[in-house]
>>> print(open('start_5.cif').read())   # mmCIF, C-alpha atoms and all ligand atoms
data_target
#
loop_
_atom_site.label_atom_id
_atom_site.label_comp_id
_atom_site.auth_asym_id
_atom_site.auth_seq_id
_atom_site.Cartn_x
_atom_site.Cartn_y
_atom_site.Cartn_z
CA MET V 30 8.78 -20.47 -2.26
CA LYS V 31 6.89 -19.32 -5.32
CA VAL V 32 8.40 -17.20 -8.07
CA ILE V 33 6.53 -15.64 -10.97
CA ILE V 34 8.51 -14.76 -14.08
CA ILE V 35 6.91 -12.44 -16.61
CA LEU V 36 8.58 -11.93 -19.97
CA GLY V 37 7.77 -9.24 -22.49
CA SER V 38 9.16 -11.45 -25.26
CA ARG V 39 7.22 -14.05 -27.20
CA ASN V 40 10.24 -16.17 -28.09
CA PRO V 41 11.06 -19.12 -25.79
CA ASP V 42 14.40 -19.47 -27.61
CA GLY V 43 15.27 -15.77 -27.61
CA GLN V 44 17.86 -13.86 -25.64
CA THR V 45 15.46 -12.70 -22.92
CA ALA V 46 14.39 -16.31 -22.40
CA GLU V 47 18.05 -17.36 -22.29
CA ALA V 48 18.74 -14.83 -19.56
CA ILE V 49 15.73 -16.12 -17.61
CA LYS V 50 16.76 -19.77 -17.98
CA SER V 51 20.01 -18.86 -16.30
CA LEU V 52 18.27 -17.13 -13.37
CA GLU V 53 15.95 -20.14 -13.09
CA SER V 54 18.84 -22.61 -12.96
CA GLY V 55 20.15 -20.76 -9.90
CA LEU V 56 16.70 -20.58 -8.28
CA LYS V 57 16.10 -24.29 -8.87
CA GLU V 58 18.99 -25.18 -6.61
CA ARG V 59 16.39 -24.54 -3.89
CA ASP V 60 12.84 -25.80 -3.56
CA VAL V 61 11.24 -23.18 -5.75
CA ASN V 62 7.96 -23.32 -7.61
CA ILE V 63 8.15 -21.25 -10.81
CA ASP V 64 5.31 -19.90 -12.98
CA LYS V 65 6.42 -18.36 -16.26
CA TYR V 66 4.45 -16.18 -18.67
CA PHE V 67 5.47 -14.99 -22.12
CA LEU V 68 3.13 -11.99 -22.27
CA PRO V 69 2.61 -11.84 -26.07
CA GLN V 70 1.36 -15.43 -25.96
CA ASN V 71 -1.44 -14.23 -23.67
CA ASP V 72 -4.45 -12.05 -24.30
CA ILE V 73 -3.59 -8.79 -22.54
CA LYS V 74 -5.41 -5.84 -23.94
CA LEU V 75 -4.49 -2.20 -23.55
CA CYS V 76 -6.05 -0.23 -20.71
CA GLN V 77 -9.26 1.32 -22.09
CA GLN V 78 -9.13 4.38 -19.82
CA CYS V 79 -12.79 3.44 -19.40
CA TYR V 80 -14.30 6.66 -18.05
CA ASP V 81 -14.33 10.01 -19.82
CA ASP V 82 -12.27 11.60 -17.07
CA GLY V 83 -9.49 9.07 -17.69
CA TRP V 84 -10.14 7.03 -14.58
CA GLY V 85 -12.04 3.75 -14.57
CA LEU V 86 -13.62 0.99 -12.55
CA CYS V 87 -10.17 0.23 -11.13
CA ARG V 88 -10.25 3.48 -9.17
CA LYS V 89 -13.03 2.32 -6.87
CA GLU V 90 -13.22 -1.44 -7.23
CA ASN V 91 -9.59 -2.45 -7.45
CA LYS V 92 -10.13 -4.60 -10.49
CA CYS V 93 -9.86 -4.14 -14.21
CA ILE V 94 -13.03 -4.07 -16.29
CA ILE V 95 -11.42 -6.08 -19.10
CA ASP V 96 -11.94 -9.83 -19.00
CA ASP V 97 -8.72 -11.30 -20.40
CA ASP V 98 -5.59 -13.13 -19.20
CA PHE V 99 -4.44 -10.17 -17.09
CA ARG V 100 -6.59 -11.39 -14.20
CA GLU V 101 -5.00 -14.84 -14.00
CA ILE V 102 -1.48 -13.46 -14.14
CA VAL V 103 -2.26 -10.90 -11.43
CA ASN V 104 -3.71 -13.63 -9.21
CA ASN V 105 -0.49 -15.60 -9.58
CA LEU V 106 1.55 -12.50 -8.92
CA LEU V 107 -0.30 -11.95 -5.67
CA ALA V 108 0.47 -15.51 -4.60
CA ALA V 109 4.20 -15.17 -5.34
CA ASP V 110 7.13 -14.47 -3.01
CA LEU V 111 9.27 -12.98 -5.77
CA ALA V 112 8.38 -11.40 -9.13
CA VAL V 113 10.81 -11.29 -12.04
CA MET V 114 10.07 -8.96 -14.96
CA ALA V 115 12.16 -9.61 -18.04
CA ASN V 116 11.95 -7.13 -20.87
CA PRO V 117 13.46 -7.35 -24.36
CA VAL V 118 14.73 -3.86 -25.20
CA TYR V 119 12.57 -2.32 -27.91
CA PHE V 120 13.35 1.23 -29.03
CA GLY V 121 15.36 1.75 -25.88
CA GLY V 122 12.37 0.93 -23.71
CA LEU V 123 9.72 -1.59 -22.77
CA SER V 124 8.17 -4.02 -25.21
CA GLU V 125 4.52 -3.35 -26.05
CA SER V 126 3.25 -6.35 -24.08
CA MET V 127 5.23 -5.27 -21.01
CA GLN V 128 3.86 -1.74 -21.37
CA SER V 129 0.27 -3.04 -21.51
CA PHE V 130 0.70 -5.36 -18.57
CA LEU V 131 2.49 -2.93 -16.28
CA GLY V 132 0.26 -0.04 -17.40
CA ARG V 133 -2.78 -1.92 -16.14
CA LEU V 134 -1.01 -3.21 -13.05
CA ARG V 135 -0.04 0.36 -12.16
CA ARG V 136 -3.71 1.33 -12.25
CA ILE V 137 -5.11 -1.40 -10.05
CA ARG V 138 -2.21 -1.03 -7.65
CA HIS V 139 -2.24 2.76 -7.70
CA GLN V 140 -5.86 2.91 -6.64
CA GLY V 141 -5.04 0.95 -3.51
CA GLY V 142 -6.76 -2.19 -4.68
CA LEU V 143 -3.81 -4.50 -4.63
CA GLY V 144 -2.63 -3.97 -1.12
CA GLU V 145 -0.99 -7.38 -1.20
CA ILE V 146 1.44 -6.37 -3.90
CA ALA V 147 2.96 -3.70 -1.69
CA ASP V 148 6.61 -4.46 -1.17
CA LEU V 149 6.56 -7.73 -3.10
CA PRO V 150 10.25 -8.29 -3.91
CA ALA V 151 11.00 -7.95 -7.61
CA ILE V 152 13.92 -8.20 -9.98
CA GLY V 153 13.91 -6.39 -13.31
CA ILE V 154 15.92 -7.60 -16.27
CA CYS V 155 16.35 -5.93 -19.65
CA VAL V 156 17.99 -7.70 -22.58
CA ALA V 157 19.05 -5.82 -25.70
CA GLY V 158 19.75 -8.06 -28.66
CA GLY V 159 20.63 -5.43 -31.24
CA SER V 160 23.20 -2.63 -30.99
CA GLY V 161 22.79 -2.61 -27.22
CA ARG V 162 21.80 1.03 -27.29
CA GLY V 163 18.86 1.80 -25.04
CA THR V 164 19.67 -0.90 -22.51
CA THR V 165 20.06 1.52 -19.63
CA SER V 166 17.08 3.67 -20.61
CA SER V 167 14.89 0.57 -20.63
CA ILE V 168 16.27 -0.31 -17.19
CA ASP V 169 15.26 3.18 -15.98
CA GLN V 170 11.73 2.78 -17.40
CA LEU V 171 11.24 -0.67 -15.93
CA ASN V 172 12.58 0.37 -12.54
CA ASP V 173 10.27 3.41 -12.44
CA ILE V 174 7.09 1.53 -13.27
CA LEU V 175 7.89 -1.38 -10.94
CA ARG V 176 8.37 1.13 -8.14
CA ILE V 177 5.08 2.89 -9.01
CA CYS V 178 3.32 -0.48 -9.00
CA GLY V 179 4.50 -0.91 -5.40
CA PHE V 180 7.19 -3.56 -5.75
CA ASP V 181 10.27 -3.68 -3.55
CA VAL V 182 12.79 -3.66 -6.41
CA LEU V 183 15.75 -5.72 -5.22
CA ASP V 184 17.84 -5.55 -8.35
CA MET V 185 17.85 -4.40 -11.96
CA ILE V 186 20.06 -6.32 -14.36
CA ALA V 187 21.01 -4.89 -17.74
CA ALA V 188 22.22 -7.29 -20.42
CA ARG V 189 23.08 -6.71 -24.04
CA ARG V 190 24.11 -9.08 -26.81
CA GLN V 191 27.74 -8.12 -26.36
CA ASN V 192 27.89 -9.07 -22.67
CA LEU V 193 25.17 -11.72 -22.47
CA GLU V 194 27.70 -14.46 -21.77
CA LEU V 195 28.85 -12.59 -18.66
CA LYS V 196 25.35 -11.61 -17.59
CA VAL V 197 23.96 -15.15 -17.77
CA GLU V 198 26.59 -16.13 -15.20
CA ILE V 199 25.58 -13.20 -13.00
CA LEU V 200 21.92 -14.16 -13.39
CA LYS V 201 22.62 -17.73 -12.35
CA ILE V 202 24.39 -16.55 -9.19
CA THR V 203 21.61 -14.02 -8.55
CA GLY V 204 18.98 -16.79 -8.82
CA LYS V 205 20.88 -18.99 -6.39
CA TRP V 206 21.33 -16.11 -3.97
CA MET V 207 17.63 -15.23 -4.22
CA GLY V 208 16.60 -18.79 -3.47
CA GLU V 209 18.78 -18.81 -0.37
CA ASN V 210 18.17 -15.29 0.92
CA LEU V 211 14.67 -14.26 0.01
CA TYR V 212 13.58 -14.92 3.56
CA ARG V 213 15.53 -11.79 4.49
CA PHE V 214 13.07 -9.70 2.51
CA ARG V 215 9.87 -11.53 3.37
CA ASN V 216 8.74 -13.41 6.45
CA PHE V 217 8.38 -17.10 5.80
CA ASN V 218 6.78 -19.59 8.13
C1 LIG P 301 10.73 -3.52 -32.35
C2 LIG P 301 12.13 -3.82 -31.90
C3 LIG P 301 12.90 -2.80 -31.37
C4 LIG P 301 14.21 -3.06 -30.93
N1 LIG P 301 14.96 -2.05 -30.35
C5 LIG P 301 16.20 -2.33 -29.89
C6 LIG P 301 16.98 -1.33 -29.24
O1 LIG P 301 16.57 -0.20 -29.04
N2 LIG P 301 18.24 -1.66 -28.85
C7 LIG P 301 18.76 -2.92 -29.03
O2 LIG P 301 19.90 -3.17 -28.67
N3 LIG P 301 18.02 -3.89 -29.59
C8 LIG P 301 16.76 -3.64 -30.03
N4 LIG P 301 16.01 -4.63 -30.59
C9 LIG P 301 16.51 -5.98 -30.58
C10 LIG P 301 15.93 -6.73 -29.39
O3 LIG P 301 16.39 -6.19 -28.17
C11 LIG P 301 16.32 -8.19 -29.56
O4 LIG P 301 15.66 -8.69 -30.68
C12 LIG P 301 16.03 -8.97 -28.34
O5 LIG P 301 16.88 -10.07 -28.34
C13 LIG P 301 14.64 -9.45 -28.41
O6 LIG P 301 14.44 -10.29 -27.47
P1 LIG P 301 14.13 -11.83 -27.58
O7 LIG P 301 15.15 -12.47 -28.46
O8 LIG P 301 14.33 -12.18 -26.20
O9 LIG P 301 12.72 -11.93 -28.03
C14 LIG P 301 14.73 -4.38 -31.04
C15 LIG P 301 13.93 -5.39 -31.59
C16 LIG P 301 12.66 -5.12 -32.01
C17 LIG P 301 11.81 -6.25 -32.55
#
>>> encode(input="start_5.cif", output="structure tokens", more="lines below")
Ligand SMILES: Cc1cc2nc3c(=O)[nH]c(=O)nc-3n(C[C@H](O)[C@H](O)[C@H](O)COP(=O)(O)O)c2cc1C
Amino acid sequence: MKVIIILGSRNPDGQTAEAIKSLESGLKERDVNIDKYFLPQNDIKLCQQCYDDGWGLCRKENKCIIDDDFREIVNNLLAADLAVMANPVYFGGLSESMQSFLGRLRRIRHQGGLGEIADLPAIGICVAGGSGRGTTSSIDQLNDILRICGFDVLDMIAARRQNLELKVEILKITGKWMGENLYRFRNFN
């Protein structure tokens, strides 16, 4: 089983990464191959809205005109059995890198190009490290865009600094459960 984990944080020692490590520890109880990307460490440009009418090459050719790290991450996403999107809560919403990535993914998916992504199981996680305000609005935003991108969103997990200790336990159990039960959502040979 292959899992791709995409974080909108740049900090491998941050709270979003801590939440993900917990999910991973549950997943690793099974034979799971994990690819992990910290988006801000990659070159992912903003969508250029390349044509004057607001559409772009993606509309007809199912690929993005920009040559950067987006392509490699999308290829790995298409090869995965489960996608995990982990977002640090910024201004009650998505981090800039997560916005760029999912904004471009929405386009290539929305134009029918990425048929393979349809119904790929996904889990969304939002981690608020400040006051905790905006945790649920960021969950709403992430859920909406994952759905528009075509994922089968299995779960959305909201964590904030004040309950992170509890949520890391939940994430560990969730990871273990995913490793054992993903076959229920996808057909494995
Ligand atoms: C630009 C910015 C905006 C933020 N906005 C919020 C917020 O709305 N609510 C909150 O609880 N924390 C907020 N925080 C705190 C982050 O959620 C916190 O730093 C989080 O732990 C970052 O994730 P990381 O440690 O995984 O990188 C913000 C932090 C930054 C840098």
>>> residues_near_ligand(input="start_5.cif", ligand="ligand LIG 301 (chain P)", cutoff="8 Å", atoms="only C-alpha atoms and all ligand atoms", output="PDB file with C-alpha atoms, in the frame of the given file")
ATOM      1  CA  GLY V  37       7.770  -9.240 -22.490  1.00  0.00           C
ATOM      2  CA  SER V  38       9.160 -11.450 -25.260  1.00  0.00           C
ATOM      3  CA  ARG V  39       7.220 -14.050 -27.200  1.00  0.00           C
ATOM      4  CA  ASN V  40      10.240 -16.170 -28.090  1.00  0.00           C
ATOM      5  CA  PRO V  41      11.060 -19.120 -25.790  1.00  0.00           C
ATOM      6  CA  ASP V  42      14.400 -19.470 -27.610  1.00  0.00           C
ATOM      7  CA  GLY V  43      15.270 -15.770 -27.610  1.00  0.00           C
ATOM      8  CA  GLN V  44      17.860 -13.860 -25.640  1.00  0.00           C
ATOM      9  CA  THR V  45      15.460 -12.700 -22.920  1.00  0.00           C
ATOM     10  CA  ALA V  46      14.390 -16.310 -22.400  1.00  0.00           C
ATOM     11  CA  GLU V  47      18.050 -17.360 -22.290  1.00  0.00           C
ATOM     12  CA  ASN V 116      11.950  -7.130 -20.870  1.00  0.00           C
ATOM     13  CA  PRO V 117      13.460  -7.350 -24.360  1.00  0.00           C
ATOM     14  CA  VAL V 118      14.730  -3.860 -25.200  1.00  0.00           C
ATOM     15  CA  TYR V 119      12.570  -2.320 -27.910  1.00  0.00           C
ATOM     16  CA  PHE V 120      13.350   1.230 -29.030  1.00  0.00           C
ATOM     17  CA  GLY V 121      15.360   1.750 -25.880  1.00  0.00           C
ATOM     18  CA  GLY V 122      12.370   0.930 -23.710  1.00  0.00           C
ATOM     19  CA  SER V 124       8.170  -4.020 -25.210  1.00  0.00           C
ATOM     20  CA  VAL V 156      17.990  -7.700 -22.580  1.00  0.00           C
ATOM     21  CA  ALA V 157      19.050  -5.820 -25.700  1.00  0.00           C
ATOM     22  CA  GLY V 158      19.750  -8.060 -28.660  1.00  0.00           C
ATOM     23  CA  GLY V 159      20.630  -5.430 -31.240  1.00  0.00           C
ATOM     24  CA  SER V 160      23.200  -2.630 -30.990  1.00  0.00           C
ATOM     25  CA  GLY V 161      22.790  -2.610 -27.220  1.00  0.00           C
ATOM     26  CA  ARG V 162      21.800   1.030 -27.290  1.00  0.00           C
ATOM     27  CA  GLY V 163      18.860   1.800 -25.040  1.00  0.00           C
ATOM     28  CA  THR V 164      19.670  -0.900 -22.510  1.00  0.00           C
ATOM     29  CA  ARG V 189      23.080  -6.710 -24.040  1.00  0.00           C
ATOM     30  CA  ARG V 190      24.110  -9.080 -26.810  1.00  0.00           C
TER      31      ARG V 190
END
>>> closest_residue(input="start_5.cif", among="V:Val103, V:Gln170, V:Ile154, V:Val197", to="Met185 (chain V)", atoms="all atoms listed in the file")
V:Ile154
>>> closest_residue(input="start_5.cif", among="V:Ala115, V:Ile146, V:Thr165, V:Lys74", to="Gly132 (chain V)", atoms="all atoms listed in the file")
V:Lys74
>>> residues_near_point(input="start_5.cif", point="(-5.3, -11.7, -9.6)", cutoff="12 Å", atoms="all atoms listed in the file", output="ChimeraX atom specification")
/V:91-93,96-109,134,137-138,142-146
>>> atom_distance(input="start_5.cif", atom1="CA of Val182 (chain V)", atom2="CA of Val113 (chain V)")
9.7 Å
>>> residues_around(input="start_5.cif", residues="Gln78 (chain V)", least_positions_apart="4", cutoff="10 Å", atoms="all atoms listed in the file", output="list in words")
Asp82, Gly83, Trp84, Gly85, Leu86, Cys87, Ile94, Arg133 and Arg136 of chain V
>>> write_last_selection(input="start_5.cif", atoms="C-alpha atoms", output="short mmCIF file (atom, residue, chain, number, x, y, z; two decimals), keeping the file's coordinate frame")
data_model
loop_
_atom_site.label_atom_id
_atom_site.label_comp_id
_atom_site.auth_asym_id
_atom_site.auth_seq_id
_atom_site.Cartn_x
_atom_site.Cartn_y
_atom_site.Cartn_z
CA ASP V 82 -12.27 11.60 -17.07
CA GLY V 83 -9.49 9.07 -17.69
CA TRP V 84 -10.14 7.03 -14.58
CA GLY V 85 -12.04 3.75 -14.57
CA LEU V 86 -13.62 0.99 -12.55
CA CYS V 87 -10.17 0.23 -11.13
CA ILE V 94 -13.03 -4.07 -16.29
CA ARG V 133 -2.78 -1.92 -16.14
CA ARG V 136 -3.71 1.33 -12.25
#
>>> atom_distance(input="start_5.cif", atom1="CA of Tyr212 (chain V)", atom2="CA of Leu52 (chain V)")
17.7 Å
>>> closest_residue(input="start_5.cif", among="V:Lys65, V:Asn172, V:Phe214, V:Met114", to="Leu149 (chain V)", atoms="all atoms listed in the file")
V:Phe214
>>> atom_distance(input="start_5.cif", atom1="CA of Ile186 (chain V)", atom2="CA of Glu125 (chain V)")
19.7 Å
>>> closest_residue(input="start_5.cif", among="V:Ala147, V:Cys155, V:Leu193, V:Leu200", to="Arg176 (chain V)", atoms="all atoms listed in the file")
V:Ala147
>>> closest_residue(input="start_5.cif", among="V:Asn62, V:Asn210, V:Asn71, V:Gln191", to="Val32 (chain V)", atoms="all atoms listed in the file")
V:Asn62
>>> residues_around(input="start_5.cif", residues="Glu58 (chain V)", least_positions_apart="5", cutoff="9 Å", atoms="all atoms listed in the file", output="PyMOL selection string")
chain V and resi 53+204-205+208-209
>>> closest_residue(input="start_5.cif", among="V:Leu183, V:Leu211, V:Leu111, V:Leu175", to="Leu123 (chain V)", atoms="only C-alpha atoms")
V:Leu175
>>> axis_aligned_box(input="start_5.cif", around="region 68-74 of chain V", padding_each_side="3 Å", output="lines of an AutoDock Vina configuration file")
center_x = -1.1
center_y = -10.6
center_z = -24.2
size_x = 14.5
size_y = 15.6
size_z = 9.8
>>> residues_around(input="start_5.cif", residues="Ile174 (chain V)", least_positions_apart="4", cutoff="9 Å", atoms="all atoms listed in the file", output="number ranges by chain")
V: 131-132, 135, 169-170, 178-179
>>> decode(input="start_5.cif", residues="region 71-167 of chain V", atoms="C-alpha atoms", output="PDB file, in the first residue's frame")
ATOM      1  CA  ASN V  71       9.346  22.480  -2.988  1.00  0.00           C
ATOM      2  CA  ASP V  72       9.039  24.790  -5.956  1.00  0.00           C
ATOM      3  CA  ILE V  73       5.280  25.123  -6.449  1.00  0.00           C
ATOM      4  CA  LYS V  74       4.305  28.281  -8.202  1.00  0.00           C
ATOM      5  CA  LEU V  75       0.900  29.915  -8.225  1.00  0.00           C
ATOM      6  CA  CYS V  76      -1.492  29.079 -11.055  1.00  0.00           C
ATOM      7  CA  GLN V  77      -0.860  31.652 -13.804  1.00  0.00           C
ATOM      8  CA  GLN V  78      -4.441  31.598 -15.108  1.00  0.00           C
ATOM      9  CA  CYS V  79      -2.571  31.390 -18.411  1.00  0.00           C
ATOM     10  CA  TYR V  80      -5.235  32.454 -20.914  1.00  0.00           C
ATOM     11  CA  ASP V  81      -6.995  35.806 -20.986  1.00  0.00           C
ATOM     12  CA  ASP V  82     -10.361  34.174 -20.398  1.00  0.00           C
ATOM     13  CA  GLY V  83      -9.067  32.695 -17.135  1.00  0.00           C
ATOM     14  CA  TRP V  84      -8.747  29.157 -18.419  1.00  0.00           C
ATOM     15  CA  GLY V  85      -5.479  27.592 -19.500  1.00  0.00           C
ATOM     16  CA  LEU V  86      -3.710  24.673 -21.107  1.00  0.00           C
ATOM     17  CA  CYS V  87      -5.071  22.479 -18.307  1.00  0.00           C
ATOM     18  CA  ARG V  88      -8.573  22.825 -19.724  1.00  0.00           C
ATOM     19  CA  LYS V  89      -7.778  20.821 -22.847  1.00  0.00           C
ATOM     20  CA  GLU V  90      -4.561  18.966 -22.149  1.00  0.00           C
ATOM     21  CA  ASN V  91      -4.976  17.897 -18.551  1.00  0.00           C
ATOM     22  CA  LYS V  92      -1.583  19.170 -17.533  1.00  0.00           C
ATOM     23  CA  CYS V  93      -0.209  22.342 -16.059  1.00  0.00           C
ATOM     24  CA  ILE V  94       1.918  24.606 -18.227  1.00  0.00           C
ATOM     25  CA  ILE V  95       4.298  25.391 -15.359  1.00  0.00           C
ATOM     26  CA  ASP V  96       7.406  23.228 -15.113  1.00  0.00           C
ATOM     27  CA  ASP V  97       8.078  22.896 -11.384  1.00  0.00           C
ATOM     28  CA  ASP V  98       7.792  20.318  -8.582  1.00  0.00           C
ATOM     29  CA  PHE V  99       3.994  20.147  -8.875  1.00  0.00           C
ATOM     30  CA  ARG V 100       4.315  17.540 -11.619  1.00  0.00           C
ATOM     31  CA  GLU V 101       6.364  15.092  -9.547  1.00  0.00           C
ATOM     32  CA  ILE V 102       4.056  15.365  -6.561  1.00  0.00           C
ATOM     33  CA  VAL V 103       0.987  14.839  -8.749  1.00  0.00           C
ATOM     34  CA  ASN V 104       2.577  11.749 -10.314  1.00  0.00           C
ATOM     35  CA  ASN V 105       3.145  10.323  -6.848  1.00  0.00           C
ATOM     36  CA  LEU V 106      -0.377  11.224  -5.833  1.00  0.00           C
ATOM     37  CA  LEU V 107      -1.741   9.291  -8.793  1.00  0.00           C
ATOM     38  CA  ALA V 108       0.264   6.242  -7.755  1.00  0.00           C
ATOM     39  CA  ALA V 109      -0.997   6.344  -4.155  1.00  0.00           C
ATOM     40  CA  ASP V 110      -3.767   4.373  -2.441  1.00  0.00           C
ATOM     41  CA  LEU V 111      -4.365   7.044   0.188  1.00  0.00           C
ATOM     42  CA  ALA V 112      -3.635  10.782   0.256  1.00  0.00           C
ATOM     43  CA  VAL V 113      -3.172  12.717   3.479  1.00  0.00           C
ATOM     44  CA  MET V 114      -3.303  16.527   3.374  1.00  0.00           C
ATOM     45  CA  ALA V 115      -2.038  18.218   6.503  1.00  0.00           C
ATOM     46  CA  ASN V 116      -2.522  21.935   6.824  1.00  0.00           C
ATOM     47  CA  PRO V 117      -1.179  24.314   9.479  1.00  0.00           C
ATOM     48  CA  VAL V 118      -3.987  26.766  10.244  1.00  0.00           C
ATOM     49  CA  TYR V 119      -3.081  30.215   8.919  1.00  0.00           C
ATOM     50  CA  PHE V 120      -5.619  33.014   9.319  1.00  0.00           C
ATOM     51  CA  GLY V 121      -8.309  30.448   9.932  1.00  0.00           C
ATOM     52  CA  GLY V 122      -7.641  28.789   6.600  1.00  0.00           C
ATOM     53  CA  LEU V 123      -5.150  27.065   4.350  1.00  0.00           C
ATOM     54  CA  SER V 124      -1.461  27.877   4.285  1.00  0.00           C
ATOM     55  CA  GLU V 125      -0.245  29.594   1.114  1.00  0.00           C
ATOM     56  CA  SER V 126       1.614  26.525  -0.136  1.00  0.00           C
ATOM     57  CA  MET V 127      -1.472  24.343   0.361  1.00  0.00           C
ATOM     58  CA  GLN V 128      -3.587  26.930  -1.473  1.00  0.00           C
ATOM     59  CA  SER V 129      -1.175  26.940  -4.437  1.00  0.00           C
ATOM     60  CA  PHE V 130      -0.947  23.181  -4.625  1.00  0.00           C
ATOM     61  CA  LEU V 131      -4.658  22.443  -4.287  1.00  0.00           C
ATOM     62  CA  GLY V 132      -5.575  25.415  -6.502  1.00  0.00           C
ATOM     63  CA  ARG V 133      -3.591  23.873  -9.355  1.00  0.00           C
ATOM     64  CA  LEU V 134      -4.745  20.350  -8.569  1.00  0.00           C
ATOM     65  CA  ARG V 135      -8.354  21.538  -8.720  1.00  0.00           C
ATOM     66  CA  ARG V 136      -7.743  22.841 -12.232  1.00  0.00           C
ATOM     67  CA  ILE V 137      -6.159  19.757 -13.740  1.00  0.00           C
ATOM     68  CA  ARG V 138      -8.693  17.544 -12.017  1.00  0.00           C
ATOM     69  CA  HIS V 139     -11.644  19.783 -12.790  1.00  0.00           C
ATOM     70  CA  GLN V 140     -10.966  19.680 -16.505  1.00  0.00           C
ATOM     71  CA  GLY V 141     -11.268  15.912 -16.470  1.00  0.00           C
ATOM     72  CA  GLY V 142      -7.576  15.333 -16.999  1.00  0.00           C
ATOM     73  CA  LEU V 143      -6.855  13.426 -13.860  1.00  0.00           C
ATOM     74  CA  GLY V 144      -9.435  10.720 -14.132  1.00  0.00           C
ATOM     75  CA  GLU V 145      -7.296   8.511 -11.924  1.00  0.00           C
ATOM     76  CA  ILE V 146      -7.656  10.809  -8.949  1.00  0.00           C
ATOM     77  CA  ALA V 147     -11.403  10.318  -8.882  1.00  0.00           C
ATOM     78  CA  ASP V 148     -12.390   8.802  -5.581  1.00  0.00           C
ATOM     79  CA  LEU V 149      -8.839   8.456  -4.285  1.00  0.00           C
ATOM     80  CA  PRO V 150      -9.341   8.102  -0.508  1.00  0.00           C
ATOM     81  CA  ALA V 151      -8.063  11.104   1.413  1.00  0.00           C
ATOM     82  CA  ILE V 152      -7.766  12.313   4.970  1.00  0.00           C
ATOM     83  CA  GLY V 153      -7.549  16.013   5.781  1.00  0.00           C
ATOM     84  CA  ILE V 154      -5.867  17.293   8.914  1.00  0.00           C
ATOM     85  CA  CYS V 155      -5.678  20.866  10.172  1.00  0.00           C
ATOM     86  CA  VAL V 156      -3.435  21.868  13.062  1.00  0.00           C
ATOM     87  CA  ALA V 157      -3.771  25.253  14.758  1.00  0.00           C
ATOM     88  CA  GLY V 158      -0.797  26.178  16.891  1.00  0.00           C
ATOM     89  CA  GLY V 159      -1.926  29.594  18.090  1.00  0.00           C
ATOM     90  CA  SER V 160      -5.191  30.548  19.782  1.00  0.00           C
ATOM     91  CA  GLY V 161      -6.914  27.639  18.067  1.00  0.00           C
ATOM     92  CA  ARG V 162      -9.394  29.986  16.458  1.00  0.00           C
ATOM     93  CA  GLY V 163     -10.044  29.173  12.819  1.00  0.00           C
ATOM     94  CA  THR V 164      -9.448  25.453  13.204  1.00  0.00           C
ATOM     95  CA  THR V 165     -12.931  24.492  12.057  1.00  0.00           C
ATOM     96  CA  SER V 166     -13.054  27.059   9.246  1.00  0.00           C
ATOM     97  CA  SER V 167      -9.796  25.674   7.883  1.00  0.00           C
TER      98      SER V 167
END
